[in-house]
Structure formats: structure tokens, C-alpha cells
$ cat work.txt   # compact mmCIF, C-alpha atoms and all ligand atoms
# COMPACT_ATOMS: atom_id res chain seq x y z
CA MET M 1 -5.02 9.39 7.93
CA PHE M 2 -5.32 8.56 4.27
CA ILE M 3 -7.83 6.42 2.56
CA ASP M 4 -6.97 4.14 -0.27
CA SER M 5 -9.99 2.83 -2.08
CA VAL M 6 -10.71 0.47 -4.95
CA LYS M 7 -13.93 -0.58 -6.67
CA PHE M 8 -14.67 -3.70 -8.60
CA THR M 9 -17.40 -6.18 -9.45
CA VAL M 10 -17.25 -9.75 -8.29
CA ILE M 11 -19.06 -12.49 -10.15
CA SER M 12 -19.07 -15.92 -8.63
CA GLY M 13 -19.02 -18.97 -10.87
CA LYS M 14 -22.11 -20.37 -12.56
CA GLY M 15 -23.18 -23.85 -11.60
CA GLY M 16 -22.57 -26.42 -14.31
CA PRO M 17 -25.72 -27.77 -16.01
CA GLY M 18 -26.92 -31.26 -15.23
CA CYS M 19 -26.48 -33.89 -17.89
CA SER M 20 -29.16 -35.68 -19.82
CA SER M 21 -28.14 -39.12 -20.91
CA PHE M 22 -29.20 -42.77 -20.83
CA ARG M 23 -27.28 -45.77 -19.83
CA THR M 24 -26.05 -47.64 -22.84
CA GLU M 25 -24.32 -50.89 -22.23
CA LYS M 26 -23.97 -54.12 -24.03
CA PHE M 27 -26.90 -56.42 -23.22
CA VAL M 28 -28.77 -53.66 -21.41
CA VAL M 29 -31.77 -52.57 -23.35
CA LYS M 30 -33.17 -49.25 -22.35
CA GLY M 31 -30.83 -48.49 -19.50
CA GLY M 32 -32.44 -45.75 -17.46
CA PRO M 33 -31.46 -42.10 -17.31
CA ASP M 34 -27.98 -41.60 -15.92
CA GLY M 35 -27.06 -37.96 -16.49
CA GLY M 36 -25.04 -36.62 -13.55
CA ASP M 37 -25.26 -33.27 -11.78
CA GLY M 38 -23.36 -30.17 -12.71
CA GLY M 39 -20.50 -28.97 -10.51
CA LYS M 40 -20.79 -25.96 -8.25
CA GLY M 41 -19.55 -22.59 -9.43
CA GLY M 42 -16.58 -21.07 -7.59
CA ASN M 43 -17.14 -18.93 -4.50
CA ILE M 44 -15.35 -15.66 -4.01
CA TYR M 45 -13.76 -14.99 -0.65
CA LEU M 46 -11.83 -12.19 0.93
CA GLU M 47 -9.07 -13.20 3.26
CA VAL M 48 -6.93 -11.02 5.50
CA ASP M 49 -3.26 -11.47 4.78
CA ASN M 50 -0.70 -9.70 6.93
CA ASN M 51 1.87 -10.02 4.18
CA THR M 52 0.17 -7.40 2.10
CA ASP M 53 -0.30 -3.82 3.05
CA THR M 54 -1.86 -2.19 0.04
CA LEU M 55 -4.83 -2.51 -2.25
CA SER M 56 -2.65 -1.86 -5.27
CA TRP M 57 -3.24 -5.35 -6.69
CA TYR M 58 -6.86 -4.34 -7.30
CA LYS M 59 -6.08 -1.16 -9.19
CA GLY M 60 -7.31 -1.42 -12.75
CA ARG M 61 -9.15 -4.69 -12.22
CA ARG M 62 -12.81 -4.04 -12.92
CA THR M 63 -14.29 -7.50 -12.72
CA LEU M 64 -13.13 -10.48 -10.76
CA ARG M 65 -14.74 -13.75 -11.68
CA ALA M 66 -14.63 -17.21 -10.22
CA GLU M 67 -14.73 -20.09 -12.68
CA ASN M 68 -17.93 -21.92 -13.63
CA GLY M 69 -18.77 -25.44 -12.52
CA LYS M 70 -18.33 -28.17 -15.11
CA PRO M 71 -21.41 -29.86 -16.63
CA GLY M 72 -22.58 -33.20 -15.27
CA MET M 73 -21.57 -36.29 -17.20
CA THR M 74 -22.94 -39.64 -18.16
CA SER M 75 -22.95 -42.56 -15.71
CA ARG M 76 -24.20 -40.21 -12.99
CA MET M 77 -20.88 -38.52 -12.77
CA THR M 78 -21.00 -35.12 -11.16
CA GLY M 79 -19.18 -32.36 -12.98
CA LYS M 80 -16.19 -30.84 -11.30
CA SER M 81 -16.84 -27.94 -8.95
CA ALA M 82 -14.89 -24.82 -9.78
CA PRO M 83 -12.07 -23.71 -7.45
CA ASP M 84 -12.81 -20.81 -5.13
CA LEU M 85 -11.32 -17.45 -5.83
CA ILE M 86 -9.60 -16.08 -2.75
CA LEU M 87 -8.82 -12.40 -2.77
CA ARG M 88 -6.21 -11.23 -0.29
CA VAL M 89 -6.56 -7.95 1.50
CA PRO M 90 -4.43 -6.19 4.09
CA PRO M 91 -5.60 -5.97 7.69
CA GLY M 92 -7.79 -2.93 8.26
CA THR M 93 -9.71 -3.27 5.00
CA GLN M 94 -13.31 -2.20 5.11
CA VAL M 95 -15.65 -3.94 2.69
CA ILE M 96 -18.53 -1.87 1.39
CA ASP M 97 -21.43 -2.78 -0.86
CA ASP M 98 -21.07 -0.13 -3.53
CA ASP M 99 -24.77 -0.16 -4.45
CA THR M 100 -26.21 0.33 -0.99
CA GLN M 101 -23.13 1.86 0.68
CA GLU M 102 -23.60 -0.63 3.48
CA VAL M 103 -20.45 -1.60 5.33
CA LEU M 104 -20.35 -5.37 5.08
CA TRP M 105 -17.23 -6.12 7.10
CA ASP M 106 -14.28 -4.57 8.83
CA LEU M 107 -11.51 -7.05 8.23
CA ILE M 108 -8.89 -6.77 10.92
CA ASP M 109 -7.36 -10.06 12.00
CA GLU M 110 -4.95 -12.16 10.02
CA GLY M 111 -6.65 -15.16 8.48
CA THR M 112 -10.22 -13.84 8.71
CA LYS M 113 -12.08 -15.13 5.69
CA VAL M 114 -15.49 -13.99 4.50
CA ILE M 115 -17.57 -15.03 1.54
CA LEU M 116 -18.31 -12.20 -0.85
CA SER M 117 -20.28 -14.09 -3.40
CA GLU M 118 -21.37 -17.69 -3.46
CA GLY M 119 -21.01 -19.79 -6.56
CA GLY M 120 -24.18 -21.09 -8.27
CA LYS M 121 -25.30 -24.61 -7.50
CA GLY M 122 -24.88 -27.14 -10.25
CA GLY M 123 -28.05 -28.35 -12.00
CA MET M 124 -29.38 -31.85 -11.43
CA GLY M 125 -28.90 -34.43 -14.11
CA ASN M 126 -31.81 -36.29 -15.67
CA TYR M 127 -31.50 -39.36 -13.48
CA HIS M 128 -33.08 -37.42 -10.62
CA PHE M 129 -36.27 -36.93 -12.58
CA LYS M 130 -37.20 -40.50 -13.17
CA ASN M 131 -40.53 -41.49 -11.64
CA SER M 132 -43.24 -44.08 -12.13
CA ARG M 133 -44.96 -42.02 -14.81
CA ASN M 134 -41.88 -40.98 -16.68
CA GLN M 135 -39.20 -43.59 -16.83
CA ALA M 136 -37.16 -41.80 -19.43
CA PRO M 137 -36.98 -38.10 -18.60
CA THR M 138 -34.75 -36.01 -20.77
CA TYR M 139 -35.14 -33.05 -18.48
CA PHE M 140 -32.14 -31.74 -16.57
CA GLN M 141 -31.61 -28.52 -14.65
CA PRO M 142 -29.36 -25.78 -15.87
CA GLY M 143 -26.88 -24.61 -13.24
CA LEU M 144 -27.77 -21.58 -11.15
CA PRO M 145 -26.09 -18.36 -12.19
CA GLY M 146 -23.27 -16.83 -10.18
CA MET M 147 -23.93 -13.78 -8.05
CA GLU M 148 -22.78 -10.37 -9.08
CA LYS M 149 -21.92 -7.69 -6.55
CA ASN M 150 -20.36 -4.29 -6.70
CA ILE M 151 -17.79 -3.96 -4.00
CA ARG M 152 -15.67 -1.17 -2.70
CA LEU M 153 -12.66 -1.77 -0.48
CA GLU M 154 -11.28 0.97 1.68
CA LEU M 155 -8.06 0.91 3.54
CA LYS M 156 -7.25 3.53 6.06
CA LEU M 157 -3.53 3.96 5.98
CA ILE M 158 -1.51 5.50 8.70
CA ALA M 159 1.83 6.70 7.51
CA ASP M 160 4.97 5.48 9.21
CA VAL M 161 7.13 8.35 8.05
CA GLY M 162 6.08 11.91 7.37
CA LEU M 163 8.24 14.14 5.17
CA VAL M 164 8.72 17.61 6.56
CA GLY M 165 10.49 20.36 4.69
CA TYR M 166 10.36 23.81 3.18
CA PRO M 167 8.61 24.05 -0.18
CA ASN M 168 10.55 22.95 -3.26
CA VAL M 169 13.17 20.92 -1.36
CA GLY M 170 12.33 17.64 -3.10
CA LYS M 171 9.86 15.91 -0.79
CA SER M 172 7.56 14.79 -3.58
CA THR M 173 10.52 13.77 -5.69
CA LEU M 174 11.81 11.52 -2.92
CA ILE M 175 8.46 9.78 -2.50
CA SER M 176 8.17 9.37 -6.26
CA VAL M 177 11.56 7.66 -6.56
CA SER M 178 11.11 5.45 -3.52
CA SER M 179 7.47 4.42 -3.63
CA ASN M 180 4.50 3.62 -5.84
CA ALA M 181 3.15 7.15 -5.49
CA ALA M 182 3.24 9.55 -8.42
CA PRO M 183 2.86 13.01 -6.94
CA GLN M 184 3.10 16.28 -8.78
CA ILE M 185 6.61 17.64 -8.94
CA ALA M 186 7.61 21.07 -10.14
CA ASN M 187 10.23 23.68 -9.61
CA TYR M 188 8.08 26.12 -7.68
CA GLU M 189 6.98 26.41 -4.10
CA PHE M 190 3.78 24.80 -2.87
CA THR M 191 3.43 22.30 -5.67
CA THR M 192 1.95 19.82 -3.25
CA LEU M 193 -1.37 21.03 -1.93
CA THR M 194 -2.78 17.85 -0.48
CA PRO M 195 -0.97 15.07 1.32
CA LYS M 196 -0.11 11.91 -0.60
CA LEU M 197 0.92 8.49 0.55
CA GLY M 198 3.30 6.01 -0.94
CA VAL M 199 4.25 2.50 0.02
CA VAL M 200 8.02 2.19 0.13
CA ASN M 201 9.42 -1.27 -0.39
CA VAL M 202 12.43 -2.30 1.65
CA GLY M 203 13.84 -5.50 0.31
CA GLU M 204 11.35 -7.98 -1.04
CA TYR M 205 8.93 -8.52 1.80
CA THR M 206 8.88 -5.46 3.96
CA SER M 207 7.60 -1.99 3.39
CA PHE M 208 6.49 1.14 5.13
CA VAL M 209 4.18 3.99 4.30
CA MET M 210 5.57 7.43 3.60
CA ALA M 211 3.51 10.61 3.58
CA ASP M 212 4.32 13.57 1.38
CA ILE M 213 2.82 16.77 2.67
CA PRO M 214 2.90 20.40 1.57
CA GLY M 215 5.92 22.55 2.39
CA ILE M 216 6.20 24.44 5.64
CA ILE M 217 7.63 27.96 5.97
CA GLU M 218 8.46 30.19 8.86
CA GLY M 219 5.25 31.47 10.44
CA ALA M 220 3.23 28.52 9.15
CA SER M 221 1.79 28.12 12.62
CA ASP M 222 0.31 31.61 12.21
CA GLY M 223 -1.19 30.65 8.90
CA ARG M 224 1.61 31.69 6.53
CA GLY M 225 2.01 29.68 3.38
CA LEU M 226 -0.42 26.81 3.52
CA GLY M 227 -0.49 26.88 7.30
CA LEU M 228 -0.03 23.75 9.35
CA GLU M 229 -3.48 22.21 9.16
CA PHE M 230 -2.22 19.40 6.93
CA LEU M 231 0.17 18.28 9.66
CA ARG M 232 -2.90 16.55 11.05
CA HIS M 233 -2.32 13.96 8.38
CA ILE M 234 0.95 12.97 9.93
CA GLU M 235 -0.06 13.47 13.54
CA ARG M 236 -0.09 9.75 14.01
CA THR M 237 3.08 8.92 12.13
CA GLN M 238 5.76 7.46 14.34
CA THR M 239 8.65 9.11 12.61
CA LEU M 240 9.47 12.26 10.72
CA LEU M 241 12.05 12.82 8.04
CA TYR M 242 13.13 16.44 7.98
CA MET M 243 14.34 17.38 4.53
CA VAL M 244 16.84 20.18 4.33
CA ASP M 245 17.71 21.48 0.88
CA MET M 246 21.44 22.02 0.36
CA ALA M 247 20.89 24.04 -2.81
CA ASN M 248 18.29 26.39 -1.39
CA TYR M 249 18.64 30.13 -0.94
CA ARG M 250 17.66 29.55 2.67
CA GLU M 251 20.47 28.55 5.03
CA MET M 252 20.43 24.88 5.93
CA LEU M 253 20.54 25.50 9.68
CA ASP M 254 17.74 28.03 9.44
CA GLN M 255 15.58 25.61 7.50
CA TYR M 256 16.08 22.92 10.07
CA GLU M 257 15.50 25.09 13.11
CA VAL M 258 12.39 26.69 11.71
CA LEU M 259 10.92 23.33 10.72
CA ARG M 260 11.52 21.86 14.15
CA GLU M 261 9.99 24.90 15.78
CA GLU M 262 6.92 25.02 13.58
CA VAL M 263 6.21 21.35 14.02
CA ALA M 264 6.57 21.65 17.80
CA LYS M 265 4.23 24.64 17.78
CA PHE M 266 1.65 22.58 15.97
CA SER M 267 1.90 19.71 18.40
CA SER M 268 4.47 19.20 21.10
CA GLU M 269 3.84 15.46 20.71
CA LEU M 270 4.73 15.50 17.05
CA GLY M 271 7.79 17.60 17.83
CA LYS M 272 9.05 14.84 20.10
CA ARG M 273 8.69 11.94 17.69
CA LYS M 274 11.64 9.96 16.44
CA PHE M 275 13.20 11.73 13.50
CA ALA M 276 16.01 11.80 10.99
CA ILE M 277 17.37 14.36 8.56
CA ALA M 278 17.95 14.10 4.83
CA LEU M 279 20.13 16.73 3.19
CA THR M 280 18.74 16.94 -0.31
CA LYS M 281 19.96 17.88 -3.78
CA ILE M 282 23.64 17.09 -3.21
CA ASP M 283 24.03 16.75 -6.97
CA ALA M 284 23.52 20.50 -7.24
CA ILE M 285 26.48 21.28 -4.97
CA ASN M 286 30.06 21.70 -6.03
CA PRO M 287 31.68 18.38 -4.97
CA GLU M 288 34.62 20.19 -3.41
CA GLU M 289 32.41 22.09 -1.02
CA LEU M 290 29.97 19.30 -0.37
CA ASN M 291 31.61 17.61 2.60
CA THR M 292 32.45 20.88 4.31
CA LYS M 293 28.86 22.05 4.01
CA ILE M 294 27.54 18.78 5.45
CA GLU M 295 30.10 18.83 8.25
CA ASP M 296 29.20 22.38 9.17
CA PHE M 297 25.57 21.43 9.36
CA ILE M 298 26.14 18.35 11.47
CA LYS M 299 28.38 20.22 13.86
CA GLY M 300 26.01 23.17 13.76
CA ILE M 301 23.26 21.11 15.30
CA GLY M 302 25.61 19.73 17.94
CA LEU M 303 26.36 16.31 16.49
CA GLU M 304 29.43 14.45 15.39
CA LEU M 305 30.38 12.72 12.19
CA SER M 306 30.17 8.95 12.07
CA ASN M 307 32.46 6.51 10.42
CA GLU M 308 30.81 3.13 10.76
CA ASN M 309 29.22 2.33 7.46
CA ALA M 310 25.78 0.97 8.10
CA PHE M 311 22.98 0.74 5.52
CA GLY M 312 25.46 1.09 2.69
CA PHE M 313 25.84 4.85 3.03
CA GLU M 314 28.03 6.19 0.28
CA LYS M 315 31.52 6.38 1.65
CA ASP M 316 32.80 9.52 0.04
CA LYS M 317 30.15 11.65 1.70
CA VAL M 318 30.18 12.46 5.38
CA TYR M 319 27.15 11.79 7.51
CA HIS M 320 25.97 11.32 11.05
CA LEU M 321 24.44 8.12 12.37
CA GLN M 322 23.35 7.67 15.94
CA ASP M 323 24.93 4.66 17.58
CA THR M 324 22.00 2.58 18.79
CA VAL M 325 24.01 -0.60 19.18
CA CYS M 326 26.08 0.44 22.19
CA ASN M 327 23.90 3.30 23.39
CA LYS M 328 20.20 3.66 23.95
CA PHE M 329 18.47 5.53 21.18
CA ASP M 330 18.16 9.21 22.06
CA GLN M 331 14.88 10.32 20.57
CA SER M 332 15.64 14.00 20.99
CA LYS M 333 18.41 13.67 18.43
CA PRO M 334 18.18 12.64 14.79
CA PHE M 335 18.80 8.98 14.03
CA PHE M 336 20.78 9.99 10.99
CA VAL M 337 21.81 13.01 8.98
CA LEU M 338 22.34 11.78 5.49
CA PRO M 339 23.13 13.64 2.27
CA MET M 340 21.23 12.39 -0.76
CA SER M 341 19.98 13.18 -4.22
CA SER M 342 16.78 11.91 -5.79
CA VAL M 343 18.07 12.89 -9.20
CA THR M 344 21.29 10.89 -9.18
CA LYS M 345 19.78 8.39 -6.69
CA GLN M 346 22.73 8.85 -4.35
CA ASN M 347 21.91 7.36 -0.97
CA THR M 348 18.19 7.04 -1.76
CA LYS M 349 18.27 3.31 -1.16
CA SER M 350 20.19 3.81 2.07
CA VAL M 351 17.59 6.33 3.23
CA ARG M 352 14.89 3.69 2.76
CA PHE M 353 16.73 1.07 4.78
CA ALA M 354 17.75 3.50 7.49
CA LEU M 355 14.19 4.81 7.82
CA TYR M 356 12.88 1.29 8.09
CA ASP M 357 15.29 0.72 10.95
CA LEU M 358 14.27 3.95 12.62
CA ILE M 359 10.59 2.95 12.47
CA ASN M 360 11.41 -0.34 14.12
CA ILE M 361 13.65 0.97 16.90
CA ASP M 362 12.05 0.16 20.27
CA LYS M 363 9.20 -1.65 18.63
N1 LIG M 401 19.11 18.87 -8.50
C1 LIG M 401 18.11 18.26 -7.84
N2 LIG M 401 16.85 18.70 -7.98
C2 LIG M 401 15.88 18.05 -7.32
C3 LIG M 401 16.16 16.94 -6.48
N3 LIG M 401 14.99 16.51 -5.94
C4 LIG M 401 14.03 17.34 -6.43
N4 LIG M 401 14.56 18.26 -7.25
C5 LIG M 401 13.84 19.33 -7.98
O1 LIG M 401 13.34 20.24 -7.04
C6 LIG M 401 12.09 20.77 -7.46
C7 LIG M 401 11.05 20.62 -6.35
O2 LIG M 401 10.80 19.25 -6.16
P1 LIG M 401 9.48 18.73 -5.41
O3 LIG M 401 9.69 17.30 -5.17
O4 LIG M 401 8.27 19.16 -6.14
O5 LIG M 401 9.60 19.55 -4.05
P2 LIG M 401 8.61 19.55 -2.82
O6 LIG M 401 9.43 19.61 -1.59
O7 LIG M 401 7.63 18.44 -2.91
O8 LIG M 401 7.89 20.96 -3.02
P3 LIG M 401 6.44 21.44 -2.51
O9 LIG M 401 5.45 20.43 -2.89
O10 LIG M 401 6.25 22.74 -3.21
O11 LIG M 401 6.57 21.62 -1.04
C8 LIG M 401 11.74 20.04 -8.73
O12 LIG M 401 12.09 20.84 -9.82
C9 LIG M 401 12.61 18.80 -8.67
O13 LIG M 401 12.93 18.32 -9.97
C10 LIG M 401 17.51 16.49 -6.37
O14 LIG M 401 17.85 15.52 -5.69
N5 LIG M 401 18.45 17.20 -7.07
MG MG M 402 5.65 18.46 -3.15
$ encode --input "work.txt" --output "C-alpha cells"
Amino acid sequence: MFIDSVKFTVISGKGGPGCSSFRTEKFVVKGGPDGGDGGKGGNIYLEVDNNTDTLSWYKGRRTLRAENGKPGMTSRMTGKSAPDLILRVPPGTQVIDDDTQEVLWDLIDEGTKVILSEGGKGGMGNYHFKNSRNQAPTYFQPGLPGMEKNIRLELKLIADVGLVGYPNVGKSTLISVSSNAAPQIANYEFTTLTPKLGVVNVGEYTSFVMADIPGIIEGASDGRGLGLEFLRHIERTQTLLYMVDMANYREMLDQYEVLREEVAKFSSELGKRKFAIALTKIDAINPEELNTKIEDFIKGIGLELSNENAFGFEKDKVYHLQDTVCNKFDQSKPFFVLPMSSVTKQNTKSVRFALYDLINIDK
């Protein structure tokens, strides 16, 4: 599980001051006080909105203010109250008072709305202060100030897809080209030391969460390389994308078999999750050999090539796609085996759409 967290200060609106004025009309001598009340300052609310799934809107926003109420006016007219500021958060957001560390709310259900900070009341205008002793008060109340609070929002994200591959195969590069995450990328093994999450957009309104984790090598379950401890971070992901590097000194089939084995050793559950395979770095392969290499791999793991062109897979490259329309999805086999390159962006969009479909199979 990953935690996304943002901090900011909320300041609700100030109440508008009351007005001090006297009625002035033709033929009315000494019209009494008639200054109206100030309007209320804007409240600040948090509301759960299922259409958002990140806190990224809040990044870089230090202070969020609601507007102030408008001052009262003559003729006992009340000033306009300020509109409320409604901040949308994804379900699962925890709201914490950053000064006391107290958890204020766990916001789970769509539509739940809580008030973070109430706007100041408007001040009363001078007409309220008229009495038998003082028929012409000039006194009016200022509006009450808004409330300031330091807030921290935390969102516990569970990844939908975990990337699994040997070191240096391009896992971090894929997440960087398909999501908002900006992980470290370098041409050496074990660049990624801690898991990172990215939100991958699919079309305009849907997205899923992808987790980049450190590379796995043979013997990882015995502690080689960085071990397998970090696989805990993707223990709850529904799907895995195995990334096999076509340009690696390690044989493609070996990479794949070792990865599957190591993951299963870590957790037989995780080893049985829905999965797919990306063959990476196709730009680094001689185009004449490319299709033969892919074919050999697909056949090598006991699958066949496909020819229906779903998800806009690039036509000149062979691939495998499990037929889930006529047949029931077989979870022990990959949903797709797709060649791609993050550098030339070949098939990267297709990978996003196909993964989104994989996540939603049987949902
Ligand atoms: N030619 C080519 N190089 C790529 C591609 N994707 C990534 N690379 C390069 O491969 C190297 C490793 O990329 P990373 O994304 O850091 O690999 P990783 O799998 O996250 O590696 P670790 O974090 O060490 O496990 C970098 O030099 C990338 O620029 C690709 O599609 N084509
Ligand atoms: Mg990496």
C-alpha cells in the first residue's frame, strides 16, 4: 500500500462588516439608522467524489481560501454571503488536523460532505443598536474573521497493476511515460529502490494505479539482489504486468520463467493473479529479427499468435491476445503478450487500454 499525502491551510471567508447609515428620504427628517448586516463568509467543505482518484489537484496549493462576505448596505440590506468552497477528494481520503495530528474524518462514501472550516458571521448593521437612550447609533459590528486550519489529507492507494521485471528492463520508464509519476531512471541495475505509484489515465475519465517496484533477479526469494520484501507493496494488486526485456543479455524465456517462479515463491496467491506480458525495448532490436524473436517467445511459453486487432495494437508486430469474447478468461495464462517501446512509444497506449481491460475482466 502506498500513501499519497498533501498539506495545506484552509481559511474560511471573513464575515462582511455591518453598515452604518441613516435613512435619508425626501420629507423624512432624521430617518433612523438603517445600516444592514454584513454577509456571511464562505464555508469550506470537503466532499467525496468518486470521479477523482488522486490528490494531485492539491499539489502545490498551500492555502485555500473561501471568499469574504460582502458588507451590509443602506436601507437595511444585508450584504451578500460568500459562496462556499467545496473541495473534492477521492473516496478513502483521511483528513488529519496537521497541528494536533488528530484524525478528523475517514471519508469513504460518495457524496459525504464535511465542513472543514466555517465562514465568519457577518457583523450587524447600526439599525440593530437603536434603543430608547440612543436613537442614532453609529456603531456597527465588524464581521467575524474566518477560521484558519492546517490540514493534511492522506490517501491510501492500492495499485491495480504491479510491474514485475528484472532490473534495467524499463519498468520505471514505462510508468514515467504512462502516468503522472516521475521515477528515477538510469541505465544500471537496481535504480529503483523503493516502490512508486502512478495514476495512468485511460481515455478522459478512467484511470488505474500502476506500481513500479525494484527489479527481481534469480534467487531473490533467498535474498539476492534487493530480495522480495518489496513485493508486499503489490500483494494486493489485482494484476501483474511482467516485463521481459528483448534487448537484455538474459534470455527472454529465462527472464519470464524466473520471474514467475520468484513471485510464486513469495506468495502463491500473487503468483496466481491475472497477468499480462510486455516485451520491452523493441526499438533496440533489428527490425528483421523482431517478429521471429517475439514469435519464438510466444510459442516458447505455449501460446499462439493472434490476429484480431483489439486495442489498436500495431499491426506490423506479432503479439498474443487471449480471446475472452468467445472463451472464458484463463487466469493461468497471460491476457496478452505485447511488444512495446517506451522510447519510441510503440504500443504504449495499447498497453494502457489492454491493462485497463484486464483489470476489469470478471469485475
Ligand atoms: N532502447 C530502449 N531503452 C529503454 C526503453 N525503456 C527504458 N529504456 C532504458 O533502459 C534503462 C533502464 O530503464 P529503467 O526504467 O530505469 O529500468 P527499471 O526496470 O526501472 O530498472 P530498475 O529500477 O533498476 O529495476 C534506461 O537507460 C532507460 O532509458 C525502451 O523502450 N527502449
Ligand atoms: Mg526502476
$ residues_around --input "work.txt" --residues "region 68-85 of chain M" --least-positions-apart "3" --cutoff "12 Å" --atoms "all atoms listed in the file" --output "PyMOL selection string"
chain M and resi 10-25+31-47+64-65+88+113-128+140-147
$ closest_residue --input "work.txt" --among "M:Gln238, M:Thr63, M:Thr9, M:Asn286" --to "Phe208 (chain M)" --atoms "all atoms listed in the file"
M:Gln238
$ axis_aligned_box --input "work.txt" --around "ligand LIG 401 (chain M)" --padding-each-side "4 Å" --output "AutoDock Vina command-line options"
--center_x 12.3 --center_y 19.1 --center_z -5.5 --size_x 21.7 --size_y 15.2 --size_z 16.9
$ residues_near_ligand --input "work.txt" --ligand "ligand LIG 401 (chain M)" --cutoff "6 Å" --atoms "all atoms listed in the file" --output "list in words"
Pro167, Asn168, Val169, Gly170, Lys171, Ser172, Thr173, Ile185, Ala186, Asn187, Tyr188, Glu189, Phe190, Thr191, Thr192, Pro214, Gly215, Thr280, Lys281, Asp283, Ala284, Ser341, Ser342 and Val343 of chain M
$ residues_near_point --input "work.txt" --point "(11.5, 3.3, 12.4)" --cutoff "8 Å" --atoms "all atoms listed in the file" --output "list in words"
Asp160, Val161, Gln238, Thr239, Lys274, Ala354, Leu355, Tyr356, Asp357, Leu358, Ile359, Asn360 and Ile361 of chain M
$ closest_residue --input "work.txt" --among "M:Thr344, M:Ser306, M:Asn134, M:Ser221" --to "Lys265 (chain M)" --atoms "all atoms listed in the file"
M:Ser221
$ atom_distance --input "work.txt" --atom1 "CA of Thr237 (chain M)" --atom2 "CA of Gly203 (chain M)"
21.5 Å
$ residues_around --input "work.txt" --residues "Ile175 (chain M)" --least-positions-apart "5" --cutoff "7 Å" --atoms "all atoms listed in the file" --output "PyMOL selection string"
chain M and resi 181+198+212
$ closest_residue --input "work.txt" --among "M:Lys299, M:Lys345, M:Lys26, M:Lys272" --to "Arg260 (chain M)" --atoms "all atoms listed in the file"
M:Lys272
$ residues_around --input "work.txt" --residues "Val6 (chain M)" --least-positions-apart "5" --cutoff "12 Å" --atoms "only C-alpha atoms" --output "list in words"
Thr54, Leu55, Ser56, Trp57, Tyr58, Lys59, Gly60, Arg61, Arg62, Thr63, Val89, Thr93, Gln94, Val95, Ile96, Asp97, Asp98, Asn150, Ile151, Arg152, Leu153, Glu154, Leu155 and Lys156 of chain M
$ atom_distance --input "work.txt" --atom1 "CA of Met246 (chain M)" --atom2 "CA of Lys293 (chain M)"
8.3 Å
$ atom_distance --input "work.txt" --atom1 "CA of Tyr319 (chain M)" --atom2 "CA of Ser332 (chain M)"
17.9 Å
$ closest_residue --input "work.txt" --among "M:Leu163, M:Ile285, M:Val200, M:Val263" --to "ligand MG 402 (chain M)" --atoms "only C-alpha atoms and all ligand atoms"
M:Leu163
$ closest_residue --input "work.txt" --among "M:Arg250, M:Glu257, M:Ala211, M:Arg352" --to "ligand MG 402 (chain M)" --atoms "only C-alpha atoms and all ligand atoms"
M:Ala211
$ residues_around --input "work.txt" --residues "Gly219 (chain M)" --least-positions-apart "2" --cutoff "10 Å" --atoms "only C-alpha atoms" --output "PyMOL selection string"
chain M and resi 216-217+221-225+227-228+258-259+261-262
$ residues_around --input "work.txt" --residues "region 322-326 of chain M" --least-positions-apart "6" --cutoff "9 Å" --atoms "only C-alpha atoms" --output "list in words"
Ser306, Lys333, Pro334, Phe335, Phe336, Val337 and Ile361 of chain M
$ closest_residue --input "work.txt" --among "M:Lys196, M:Phe129, M:Gly271, M:Phe266" --to "Gln331 (chain M)" --atoms "all atoms listed in the file"
M:Gly271
